[in-house]
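Below: model-v4.pdb (PDB, C-alpha atoms and all ligand atoms)
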```
ATOM      1  CA  MET A  18      28.287   4.338  14.583
ATOM      2  CA  ASP A  19      29.631   0.751  14.477
ATOM      3  CA  MET A  20      33.210  -0.171  15.257
ATOM      4  CA  PRO A  21      35.167  -0.473  11.997
ATOM      5  CA  ARG A  22      35.763  -4.206  11.471
ATOM      6  CA  ASN A  23      39.238  -5.654  11.118
ATOM      7  CA  THR A  24      38.440  -8.296   8.522
ATOM      8  CA  PHE A  25      42.176  -8.794   7.877
ATOM      9  CA  LYS A  26      42.522 -10.244  11.407
ATOM     10  CA  LYS A  27      39.379 -12.350  11.024
ATOM     11  CA  ASN A  28      40.625 -13.768   7.733
ATOM     12  CA  LEU A  29      43.991 -14.609   9.330
ATOM     13  CA  GLN A  30      42.182 -16.520  12.072
ATOM     14  CA  GLN A  31      40.295 -18.487   9.423
ATOM     15  CA  ALA A  32      43.453 -18.974   7.294
ATOM     16  CA  GLN A  33      41.668 -17.347   4.393
ATOM     17  CA  PHE A  34      44.214 -16.338   1.748
ATOM     18  CA  GLN A  35      44.834 -12.583   1.399
ATOM     19  CA  ALA A  36      46.905 -10.793  -1.245
ATOM     20  CA  GLY A  37      48.276  -7.306  -0.759
ATOM     21  CA  LEU A  38      50.548  -4.561  -1.973
ATOM     22  CA  PHE A  39      52.937  -2.215  -0.151
ATOM     23  CA  LEU A  40      52.356   1.526  -0.595
ATOM     24  CA  GLY A  41      55.468   3.705  -0.698
ATOM     25  CA  LEU A  42      54.282   6.668  -2.750
ATOM     26  CA  GLY A  43      52.879   8.492   0.282
ATOM     27  CA  SER A  44      49.963   9.756  -1.773
ATOM     28  CA  PRO A  45      46.261   9.638  -0.788
ATOM     29  CA  LEU A  46      45.378   9.817  -4.482
ATOM     30  CA  SER A  47      47.426   6.791  -5.522
ATOM     31  CA  ALA A  48      46.303   4.971  -2.349
ATOM     32  CA  GLU A  49      42.687   5.544  -3.386
ATOM     33  CA  ILE A  50      43.355   4.350  -6.946
ATOM     34  CA  LEU A  51      44.932   1.172  -5.576
ATOM     35  CA  ALA A  52      42.071   0.740  -3.082
ATOM     36  CA  SER A  53      39.770   0.380  -6.085
ATOM     37  CA  CYS A  54      41.780  -2.515  -7.572
ATOM     38  CA  GLY A  55      40.538  -5.420  -5.442
ATOM     39  CA  TYR A  56      43.545  -6.211  -3.237
ATOM     40  CA  ASP A  57      42.631  -7.711   0.139
ATOM     41  CA  PHE A  58      45.074  -5.417   1.907
ATOM     42  CA  LEU A  59      47.257  -2.406   1.224
ATOM     43  CA  LEU A  60      50.155  -1.681   3.548
ATOM     44  CA  ILE A  61      51.343   1.889   4.043
ATOM     45  CA  ASP A  62      55.076   1.651   4.605
ATOM     46  CA  ALA A  63      56.709   4.084   7.032
ATOM     47  CA  GLU A  64      59.890   2.030   7.445
ATOM     48  CA  HIS A  65      61.480   2.706   4.059
ATOM     49  CA  ALA A  66      59.023   5.141   2.446
ATOM     50  CA  PRO A  67      58.532   8.811   3.423
ATOM     51  CA  ASN A  68      55.407   8.467   5.568
ATOM     52  CA  ASP A  69      54.576  10.069   8.901
ATOM     53  CA  VAL A  70      51.428  10.003  11.060
ATOM     54  CA  ARG A  71      49.728  12.736   9.025
ATOM     55  CA  SER A  72      50.427  11.106   5.654
ATOM     56  CA  VAL A  73      49.315   7.733   7.024
ATOM     57  CA  GLN A  74      46.060   9.276   8.279
ATOM     58  CA  ALA A  75      45.408  10.986   4.933
ATOM     59  CA  GLN A  76      45.862   7.687   3.079
ATOM     60  CA  LEU A  77      43.585   5.848   5.521
ATOM     61  CA  GLN A  78      40.923   8.489   4.907
ATOM     62  CA  ALA A  79      41.330   8.128   1.142
ATOM     63  CA  MET A  80      40.891   4.350   1.339
ATOM     64  CA  ALA A  81      38.059   4.332   3.887
ATOM     65  CA  ALA A  82      35.285   4.151   1.301
ATOM     66  CA  TYR A  83      36.675   0.938  -0.234
ATOM     67  CA  PRO A  84      36.428  -2.640   1.050
ATOM     68  CA  VAL A  85      40.202  -2.989   1.457
ATOM     69  CA  GLN A  86      42.065  -3.563   4.701
ATOM     70  CA  CYS A  87      44.748  -1.001   5.514
ATOM     71  CA  LEU A  88      47.916  -2.074   7.294
ATOM     72  CA  VAL A  89      50.802   0.149   8.377
ATOM     73  CA  ARG A  90      54.456  -0.659   8.905
ATOM     74  CA  PRO A  91      56.031   1.741  11.427
ATOM     75  CA  PRO A  92      59.755   2.476  11.169
ATOM     76  CA  ASN A  93      60.561   1.099  14.635
ATOM     77  CA  HIS A  94      59.105  -0.317  17.876
ATOM     78  CA  ASP A  95      58.515   3.037  19.567
ATOM     79  CA  ALA A  96      55.425   2.798  21.803
ATOM     80  CA  SER A  97      54.508   6.473  21.465
ATOM     81  CA  LEU A  98      54.612   6.295  17.657
ATOM     82  CA  ILE A  99      52.511   3.112  17.805
ATOM     83  CA  LYS A 100      50.034   5.016  20.007
ATOM     84  CA  GLN A 101      49.759   7.794  17.405
ATOM     85  CA  LEU A 102      49.314   5.344  14.519
ATOM     86  CA  LEU A 103      46.576   3.453  16.392
ATOM     87  CA  ALA A 104      44.962   6.802  17.222
ATOM     88  CA  ALA A 105      44.942   7.651  13.510
ATOM     89  CA  GLY A 106      42.792   4.577  12.951
ATOM     90  CA  VAL A 107      45.355   1.934  12.028
ATOM     91  CA  GLN A 108      43.983  -1.438  13.127
ATOM     92  CA  THR A 109      46.787  -3.679  11.901
ATOM     93  CA  LEU A 110      50.475  -3.009  12.405
ATOM     94  CA  LEU A 111      53.214  -4.991  10.702
ATOM     95  CA  VAL A 112      56.330  -4.282  12.726
ATOM     96  CA  PRO A 113      59.786  -4.763  11.210
ATOM     97  CA  MET A 114      62.876  -6.399  12.698
ATOM     98  CA  VAL A 115      61.412  -8.404  15.567
ATOM     99  CA  ASP A 116      64.190 -10.650  16.858
ATOM    100  CA  THR A 117      63.029 -11.744  20.312
ATOM    101  CA  ALA A 118      59.919 -12.702  22.279
ATOM    102  CA  GLU A 119      60.615  -9.759  24.615
ATOM    103  CA  GLN A 120      60.378  -7.338  21.689
ATOM    104  CA  ALA A 121      57.147  -8.986  20.525
ATOM    105  CA  ALA A 122      55.657  -8.778  24.036
ATOM    106  CA  ALA A 123      56.564  -5.087  24.271
ATOM    107  CA  LEU A 124      54.760  -4.461  20.972
ATOM    108  CA  VAL A 125      51.644  -6.268  22.218
ATOM    109  CA  SER A 126      51.742  -4.141  25.352
ATOM    110  CA  ALA A 127      52.035  -0.942  23.280
ATOM    111  CA  MET A 128      48.861  -1.920  21.420
ATOM    112  CA  ARG A 129      46.690  -2.828  24.448
ATOM    113  CA  TYR A 130      45.051  -0.628  27.045
ATOM    114  CA  PRO A 131      45.810  -1.054  30.770
ATOM    115  CA  PRO A 132      45.719  -3.248  32.708
ATOM    116  CA  LYS A 133      46.907  -5.532  29.871
ATOM    117  CA  GLY A 134      49.209  -2.987  28.262
ATOM    118  CA  ILE A 135      50.446   0.592  28.210
ATOM    119  CA  ARG A 136      48.394   2.255  25.455
ATOM    120  CA  GLY A 137      47.186   5.664  26.600
ATOM    121  CA  VAL A 138      43.476   6.504  26.592
ATOM    122  CA  GLY A 139      42.434   9.576  24.600
ATOM    123  CA  THR A 140      39.576   8.572  22.346
ATOM    124  CA  ALA A 141      37.987  12.043  22.182
ATOM    125  CA  LEU A 142      41.014  13.061  20.122
ATOM    126  CA  GLU A 143      41.295   9.891  18.058
ATOM    127  CA  ARG A 144      40.043   8.783  14.668
ATOM    128  CA  SER A 145      40.375   5.190  16.008
ATOM    129  CA  ALA A 146      37.172   5.665  18.052
ATOM    130  CA  ARG A 147      35.773   8.159  15.551
ATOM    131  CA  TRP A 148      36.159  10.780  18.278
ATOM    132  CA  ASN A 149      33.838   8.810  20.617
ATOM    133  CA  ALA A 150      31.159   8.254  17.985
ATOM    134  CA  VAL A 151      31.648   4.467  18.437
ATOM    135  CA  PRO A 152      29.884   3.557  21.711
ATOM    136  CA  THR A 153      31.241  -0.029  21.730
ATOM    137  CA  TYR A 154      34.849   1.026  21.078
ATOM    138  CA  PHE A 155      36.426  -0.217  24.321
ATOM    139  CA  ALA A 156      34.495  -3.499  24.230
ATOM    140  CA  GLU A 157      35.542  -4.213  20.659
ATOM    141  CA  VAL A 158      38.967  -2.647  20.237
ATOM    142  CA  GLU A 159      41.072  -5.700  21.101
ATOM    143  CA  ASP A 160      39.196  -7.986  18.699
ATOM    144  CA  ASN A 161      39.784  -5.464  15.943
ATOM    145  CA  THR A 162      43.464  -4.777  16.604
ATOM    146  CA  CYS A 163      46.030  -6.981  14.924
ATOM    147  CA  LEU A 164      49.798  -7.341  15.306
ATOM    148  CA  ILE A 165      51.993  -8.918  12.681
ATOM    149  CA  VAL A 166      55.670  -9.150  13.544
ATOM    150  CA  GLN A 167      58.332  -9.364  10.897
ATOM    151  CA  ILE A 168      61.071 -11.938  11.268
ATOM    152  CA  GLU A 169      63.906 -10.980   8.982
ATOM    153  CA  SER A 170      67.185 -12.006  10.598
ATOM    154  CA  ARG A 171      69.066 -15.153  11.600
ATOM    155  CA  ILE A 172      68.470 -14.369  15.277
ATOM    156  CA  GLY A 173      64.767 -13.876  14.604
ATOM    157  CA  LEU A 174      64.650 -17.299  12.935
ATOM    158  CA  ASP A 175      66.457 -18.814  15.938
ATOM    159  CA  ASN A 176      63.768 -17.352  18.211
ATOM    160  CA  LEU A 177      60.766 -18.055  15.959
ATOM    161  CA  GLU A 178      58.886 -20.458  18.258
ATOM    162  CA  GLU A 179      59.342 -18.168  21.284
ATOM    163  CA  ILE A 180      58.114 -15.165  19.284
ATOM    164  CA  ALA A 181      55.124 -17.134  17.959
ATOM    165  CA  LYS A 182      54.147 -18.119  21.512
ATOM    166  CA  VAL A 183      53.582 -14.506  22.555
ATOM    167  CA  ASP A 184      49.889 -13.915  23.194
ATOM    168  CA  GLY A 185      48.734 -11.011  21.040
ATOM    169  CA  VAL A 186      50.961 -11.805  18.065
ATOM    170  CA  ASP A 187      48.474 -12.602  15.293
ATOM    171  CA  GLY A 188      50.885 -13.460  12.531
ATOM    172  CA  ILE A 189      54.506 -13.598  11.427
ATOM    173  CA  PHE A 190      55.679 -12.055   8.180
ATOM    174  CA  ILE A 191      59.012 -12.914   6.612
ATOM    175  CA  GLY A 192      61.011 -10.075   5.014
ATOM    176  CA  PRO A 193      63.156 -11.772   2.356
ATOM    177  CA  ALA A 194      65.366  -8.749   1.570
ATOM    178  CA  ASP A 195      66.568  -8.298   5.145
ATOM    179  CA  LEU A 196      66.631 -12.023   5.816
ATOM    180  CA  ALA A 197      68.826 -12.514   2.730
ATOM    181  CA  ALA A 198      71.221  -9.850   4.037
ATOM    182  CA  SER A 199      71.335 -11.448   7.474
ATOM    183  CA  LEU A 200      72.056 -14.860   5.936
ATOM    184  CA  GLY A 201      74.924 -13.451   3.837
ATOM    185  CA  TYR A 202      73.043 -12.978   0.546
ATOM    186  CA  LEU A 203      72.616  -9.191   0.445
ATOM    187  CA  GLY A 204      70.532  -8.205  -2.611
ATOM    188  CA  GLN A 205      69.526 -11.825  -3.364
ATOM    189  CA  PRO A 206      66.133 -12.404  -1.686
ATOM    190  CA  GLY A 207      65.337 -15.116  -4.252
ATOM    191  CA  HIS A 208      68.565 -17.069  -3.613
ATOM    192  CA  PRO A 209      67.840 -20.807  -3.202
ATOM    193  CA  GLU A 210      69.284 -20.788   0.337
ATOM    194  CA  VAL A 211      67.034 -17.853   1.273
ATOM    195  CA  LYS A 212      64.022 -19.549  -0.313
ATOM    196  CA  ALA A 213      64.768 -22.722   1.655
ATOM    197  CA  ALA A 214      65.081 -20.722   4.891
ATOM    198  CA  ILE A 215      61.751 -19.006   4.187
ATOM    199  CA  GLU A 216      60.017 -22.312   3.456
ATOM    200  CA  GLN A 217      61.308 -23.796   6.714
ATOM    201  CA  ALA A 218      60.177 -20.669   8.560
ATOM    202  CA  ILE A 219      56.685 -20.980   7.041
ATOM    203  CA  ASP A 220      56.527 -24.621   8.210
ATOM    204  CA  ARG A 221      57.473 -23.559  11.750
ATOM    205  CA  ILE A 222      54.997 -20.648  11.813
ATOM    206  CA  VAL A 223      52.171 -22.872  10.597
ATOM    207  CA  ALA A 224      53.132 -25.516  13.198
ATOM    208  CA  SER A 225      52.966 -22.821  15.897
ATOM    209  CA  GLY A 226      49.356 -22.082  14.970
ATOM    210  CA  LYS A 227      50.055 -18.497  13.910
ATOM    211  CA  ALA A 228      49.407 -17.083  10.430
ATOM    212  CA  ALA A 229      52.385 -16.933   8.056
ATOM    213  CA  GLY A 230      53.015 -14.198   5.498
ATOM    214  CA  VAL A 231      55.808 -13.284   3.089
ATOM    215  CA  PHE A 232      56.775 -10.370   0.857
ATOM    216  CA  SER A 233      57.250 -12.059  -2.498
ATOM    217  CA  THR A 234      57.413 -10.117  -5.729
ATOM    218  CA  ALA A 235      58.374 -13.050  -7.962
ATOM    219  CA  PRO A 236      55.155 -14.885  -8.932
ATOM    220  CA  GLU A 237      56.827 -18.315  -8.818
ATOM    221  CA  LEU A 238      58.101 -17.662  -5.278
ATOM    222  CA  ALA A 239      54.705 -16.306  -4.204
ATOM    223  CA  LYS A 240      53.143 -19.504  -5.520
ATOM    224  CA  ALA A 241      55.656 -21.699  -3.700
ATOM    225  CA  TYR A 242      55.202 -19.835  -0.391
ATOM    226  CA  ARG A 243      51.435 -20.023  -0.684
ATOM    227  CA  ALA A 244      51.606 -23.758  -1.415
ATOM    228  CA  ARG A 245      53.794 -24.120   1.680
ATOM    229  CA  GLY A 246      51.115 -22.546   3.884
ATOM    230  CA  ALA A 247      51.620 -18.779   3.790
ATOM    231  CA  CYS A 248      48.152 -17.265   4.016
ATOM    232  CA  PHE A 249      48.961 -13.621   3.360
ATOM    233  CA  LEU A 250      51.323 -12.421   0.676
ATOM    234  CA  ALA A 251      52.486  -8.956  -0.309
ATOM    235  CA  LEU A 252      52.948  -9.175  -4.059
ATOM    236  CA  GLY A 253      55.007  -6.013  -4.469
ATOM    237  CA  ALA A 254      55.027  -2.266  -3.981
ATOM    238  CA  ASP A 255      53.237   0.586  -5.747
ATOM    239  CA  THR A 256      56.615   2.154  -6.563
ATOM    240  CA  SER A 257      57.751  -0.955  -8.472
ATOM    241  CA  VAL A 258      54.363  -1.387 -10.160
ATOM    242  CA  LEU A 259      54.489   2.244 -11.373
ATOM    243  CA  ARG A 260      58.062   1.952 -12.586
ATOM    244  CA  SER A 261      57.650  -1.356 -14.385
ATOM    245  CA  ALA A 262      54.376  -0.286 -16.035
ATOM    246  CA  ALA A 263      55.980   2.973 -17.197
ATOM    247  CA  ILE A 264      58.977   1.128 -18.618
ATOM    248  CA  SER A 265      56.813  -1.508 -20.338
ATOM    249  CA  LEU A 266      54.790   1.260 -21.980
ATOM    250  CA  LEU A 267      57.940   3.049 -23.124
ATOM    251  CA  ASN A 268      59.286  -0.215 -24.517
ATOM    252  CA  THR A 269      56.245  -0.486 -26.820
ATOM    253  CA  ALA A 270      57.549   2.590 -28.680
ATOM    254  CA  LYS A 271      61.280   2.374 -27.927
ATOM    255  CA  PRO A 272      62.128  -1.299 -27.417
ATOM    256  CA  ALA A 273      64.727  -2.027 -24.735
ATOM    257  CA  ALA A 274      64.694   1.598 -23.605
ATOM    258  CA  GLY A 275      64.778   0.616 -19.953
ATOM    259  CA  ALA A 276      65.103  -2.277 -17.556
ATOM    260  CA  THR A 277      62.757  -2.643 -14.630
ATOM    261  CA  GLY A 278      65.334  -3.702 -12.010
ATOM    262  CA  ALA A 279      64.630  -5.507  -8.786
ATOM    263  CA  ALA A 280      61.224  -5.149  -7.159
ATOM    264  CA  TYR A 281      62.130  -5.439  -3.468
TER     265      TYR A 281
HETATM  266  C1  LIG B   1      62.091  -7.393   3.484
HETATM  267  O1  LIG B   1      62.043  -8.092   2.458
HETATM  268  O2  LIG B   1      63.078  -7.255   4.217
HETATM  269  C2  LIG B   1      60.903  -6.686   3.855
HETATM  270  O3  LIG B   1      60.838  -6.117   4.923
HETATM  271  C3  LIG B   1      59.788  -6.690   2.865
HETATM  272  O4  LIG B   1      58.640  -6.524   3.428
HETATM  273 MG    MG B   2      62.699  -5.779   5.763
END
```
Go ahead and render the structure in this file as structure tokens.
Amino acid sequence: MDMPRNTFKKNLQQAQFQAGLFLGLGSPLSAEILASCGYDFLLIDAEHAPNDVRSVQAQLQAMAAYPVQCLVRPPNHDASLIKQLLAAGVQTLLVPMVDTAEQAAALVSAMRYPPKGIRGVGTALERSARWNAVPTYFAEVEDNTCLIVQIESRIGLDNLEEIAKVDGVDGIFIGPADLAASLGYLGQPGHPEVKAAIEQAIDRIVASGKAAGVFSTAPELAKAYRARGACFLALGADTSVLRSAAISLLNTAKPAAGATGAAY
């Protein structure tokens, strides 16, 4: 069989706009429902949501029949966890809390086979290579593997150009909630100072030649970040979509029964 294509990476290279949603429900069923909705990408979150390698794999399997790109956010930079996630068939990782070029380089190394990196070879056991059913796997794996690093701290912003220079980093994604906290605005990701910092970061990412992305649940912020040059946006999370839709429905029968709350 053919190597599964990483069209998310290809679209980043061509600066083609992509809109996505974070998945925190940990459910193959809800992942499949969302895969049918037309998003360009869905990101299974294992940083804040209760996902492990098995639940990630089950959601990838549920979404495999749909033309949606599946990303995963691991909880940390651990190379052996990254190895397991890649083995499960994840082709794009979005890694949180990257503050330095050294951290970014270590992540690239974790995702590449020797001699370029440290990823172990075990394709007979891996969904990534469809258990050796993909004859071109080793020739095509690097072109179909994508690393997005998250910058979400003051120190990460200070090091942005150095991080962007790392070969193998395909894109940089700004996390407004953590960045707001780092800048002294905990719980205020839409604060004007945070917005200004994000816009400057987008300018610098675009100038570096790498793709820029942002998590932006407020439509007016999403619009502003896109206009500034961000080419991939996460528009929210399944948890918030479920909660706000449930509350809106309840409000049709019992007005003002509930408030949706923040969506980050
Ligand atoms: C943040 O806003 O900190 C995030 O990581 C969202 O993706
Ligand atoms: Mg974050």
Legend entry - Residue with smallest distance to Met128 (chain A) - pool A:Pro206, A:Gly185, A:Pro67, A:Gly37, counting all atoms listed in the file: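 Smallest separation from Met128 (chain A) among the options: A:Gly185.
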Enclosing box along x, y and z for every listed atom of region 142-160 of chain A, padded 6 Å each side, centre and size in Å, one decimal, as AutoDock Vina command-line options:
```
--center_x 35.6 --center_y 2.5 --center_z 19.5 --size_x 23.4 --size_y 33.0 --size_z 21.7
```
Legend entry - Residue among A:Arg260, A:Leu238, A:Asp62, A:Leu98 lying closest to ligand LIG 1 (chain B), counting only C-alpha atoms and all ligand atoms: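 So, comparing all the options, the nearest one is A:Asp62.
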Inset, instruction - Give as a count of residues only the residues that the PyMOL selection byres (((not hetatm)) within 6 of (chain B and resi 1)) matches when applied to the coordinates above. - result: 5
Inset, instruction - List all protein, DNA and RNA residues that have any atom at most 10 Å from ligand MG 2 (chain B), counting only C-alpha atoms and all ligand atoms, and write the list as a count of residues only. - result: 20
Inset, instruction - Take CA of Gln205 (chain A) and CA of Val258 (chain A) and report the distance between them in Å, one decimal. - result: 19.6 Å
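Counting from CA of Leu250 (chain A), the distance to CA of Phe34 (chain A) is 8.2 Å.
CA of Gln30 (chain A) to CA of Gln108 (chain A) spans 15.2 Å [interatomic distance, one decimal].
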Inset, instruction - Report as a PyMOL selection string the full result of the PyMOL selection byres (((chain A and resi 19) around 10) and not hetatm) when it is applied to this structure. - result: chain A and resi 18+20-22+146-147+150-154+157
Inset, instruction - Have a look at A:Ser225, A:Ile99, A:Val125, A:Thr117 and name the one nearest to Ile172 (chain A); count all atoms listed in the file. - result: A:Thr117
Complete region 193-213 of chain A with N, CA and C atoms (output as a PDB file, in the frame of the given file).
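Dumped everything to rebuild_33.pdb:
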```
ATOM      1  N   PRO A 193      62.055 -11.085   3.046  1.00  0.00           N
ATOM      2  CA  PRO A 193      63.156 -11.772   2.356  1.00  0.00           C
ATOM      3  C   PRO A 193      64.385 -10.901   2.100  1.00  0.00           C
ATOM      4  N   ALA A 194      64.202  -9.587   1.886  1.00  0.00           N
ATOM      5  CA  ALA A 194      65.366  -8.749   1.570  1.00  0.00           C
ATOM      6  C   ALA A 194      66.301  -8.666   2.772  1.00  0.00           C
ATOM      7  N   ASP A 195      65.728  -8.383   3.947  1.00  0.00           N
ATOM      8  CA  ASP A 195      66.568  -8.298   5.145  1.00  0.00           C
ATOM      9  C   ASP A 195      67.057  -9.666   5.585  1.00  0.00           C
ATOM     10  N   LEU A 196      66.191 -10.680   5.426  1.00  0.00           N
ATOM     11  CA  LEU A 196      66.631 -12.023   5.816  1.00  0.00           C
ATOM     12  C   LEU A 196      67.809 -12.457   4.943  1.00  0.00           C
ATOM     13  N   ALA A 197      67.721 -12.159   3.635  1.00  0.00           N
ATOM     14  CA  ALA A 197      68.826 -12.514   2.730  1.00  0.00           C
ATOM     15  C   ALA A 197      70.119 -11.846   3.204  1.00  0.00           C
ATOM     16  N   ALA A 198      70.032 -10.571   3.569  1.00  0.00           N
ATOM     17  CA  ALA A 198      71.221  -9.850   4.037  1.00  0.00           C
ATOM     18  C   ALA A 198      71.788 -10.524   5.280  1.00  0.00           C
ATOM     19  N   SER A 199      70.885 -10.845   6.216  1.00  0.00           N
ATOM     20  CA  SER A 199      71.335 -11.448   7.474  1.00  0.00           C
ATOM     21  C   SER A 199      71.985 -12.809   7.243  1.00  0.00           C
ATOM     22  N   LEU A 200      71.511 -13.524   6.210  1.00  0.00           N
ATOM     23  CA  LEU A 200      72.056 -14.860   5.936  1.00  0.00           C
ATOM     24  C   LEU A 200      73.287 -14.810   5.039  1.00  0.00           C
ATOM     25  N   GLY A 201      73.715 -13.582   4.656  1.00  0.00           N
ATOM     26  CA  GLY A 201      74.924 -13.451   3.837  1.00  0.00           C
ATOM     27  C   GLY A 201      74.649 -13.348   2.349  1.00  0.00           C
ATOM     28  N   TYR A 202      73.409 -13.073   1.963  1.00  0.00           N
ATOM     29  CA  TYR A 202      73.043 -12.978   0.546  1.00  0.00           C
ATOM     30  C   TYR A 202      72.428 -11.613   0.246  1.00  0.00           C
ATOM     31  N   LEU A 203      73.117 -10.554   0.646  1.00  0.00           N
ATOM     32  CA  LEU A 203      72.616  -9.191   0.445  1.00  0.00           C
ATOM     33  C   LEU A 203      72.225  -8.967  -1.018  1.00  0.00           C
ATOM     34  N   GLY A 204      70.993  -8.480  -1.245  1.00  0.00           N
ATOM     35  CA  GLY A 204      70.532  -8.205  -2.611  1.00  0.00           C
ATOM     36  C   GLY A 204      70.040  -9.432  -3.354  1.00  0.00           C
ATOM     37  N   GLN A 205      69.969 -10.594  -2.674  1.00  0.00           N
ATOM     38  CA  GLN A 205      69.526 -11.825  -3.364  1.00  0.00           C
ATOM     39  C   GLN A 205      68.376 -12.507  -2.595  1.00  0.00           C
ATOM     40  N   PRO A 206      67.225 -11.809  -2.473  1.00  0.00           N
ATOM     41  CA  PRO A 206      66.133 -12.404  -1.686  1.00  0.00           C
ATOM     42  C   PRO A 206      65.554 -13.682  -2.304  1.00  0.00           C
ATOM     43  N   GLY A 207      65.842 -13.897  -3.601  1.00  0.00           N
ATOM     44  CA  GLY A 207      65.337 -15.116  -4.252  1.00  0.00           C
ATOM     45  C   GLY A 207      66.373 -16.229  -4.283  1.00  0.00           C
ATOM     46  N   HIS A 208      67.519 -16.042  -3.617  1.00  0.00           N
ATOM     47  CA  HIS A 208      68.565 -17.069  -3.613  1.00  0.00           C
ATOM     48  C   HIS A 208      68.001 -18.389  -3.060  1.00  0.00           C
ATOM     49  N   PRO A 209      68.400 -19.521  -3.663  1.00  0.00           N
ATOM     50  CA  PRO A 209      67.840 -20.807  -3.202  1.00  0.00           C
ATOM     51  C   PRO A 209      67.989 -21.043  -1.703  1.00  0.00           C
ATOM     52  N   GLU A 210      69.113 -20.597  -1.120  1.00  0.00           N
ATOM     53  CA  GLU A 210      69.284 -20.788   0.337  1.00  0.00           C
ATOM     54  C   GLU A 210      68.273 -19.948   1.119  1.00  0.00           C
ATOM     55  N   VAL A 211      67.989 -18.741   0.605  1.00  0.00           N
ATOM     56  CA  VAL A 211      67.034 -17.853   1.273  1.00  0.00           C
ATOM     57  C   VAL A 211      65.631 -18.448   1.131  1.00  0.00           C
ATOM     58  N   LYS A 212      65.343 -18.925  -0.079  1.00  0.00           N
ATOM     59  CA  LYS A 212      64.022 -19.549  -0.313  1.00  0.00           C
ATOM     60  C   LYS A 212      63.829 -20.744   0.632  1.00  0.00           C
ATOM     61  N   ALA A 213      64.882 -21.552   0.770  1.00  0.00           N
ATOM     62  CA  ALA A 213      64.768 -22.722   1.655  1.00  0.00           C
ATOM     63  C   ALA A 213      64.540 -22.271   3.093  1.00  0.00           C
TER      64      ALA A 213
END
```
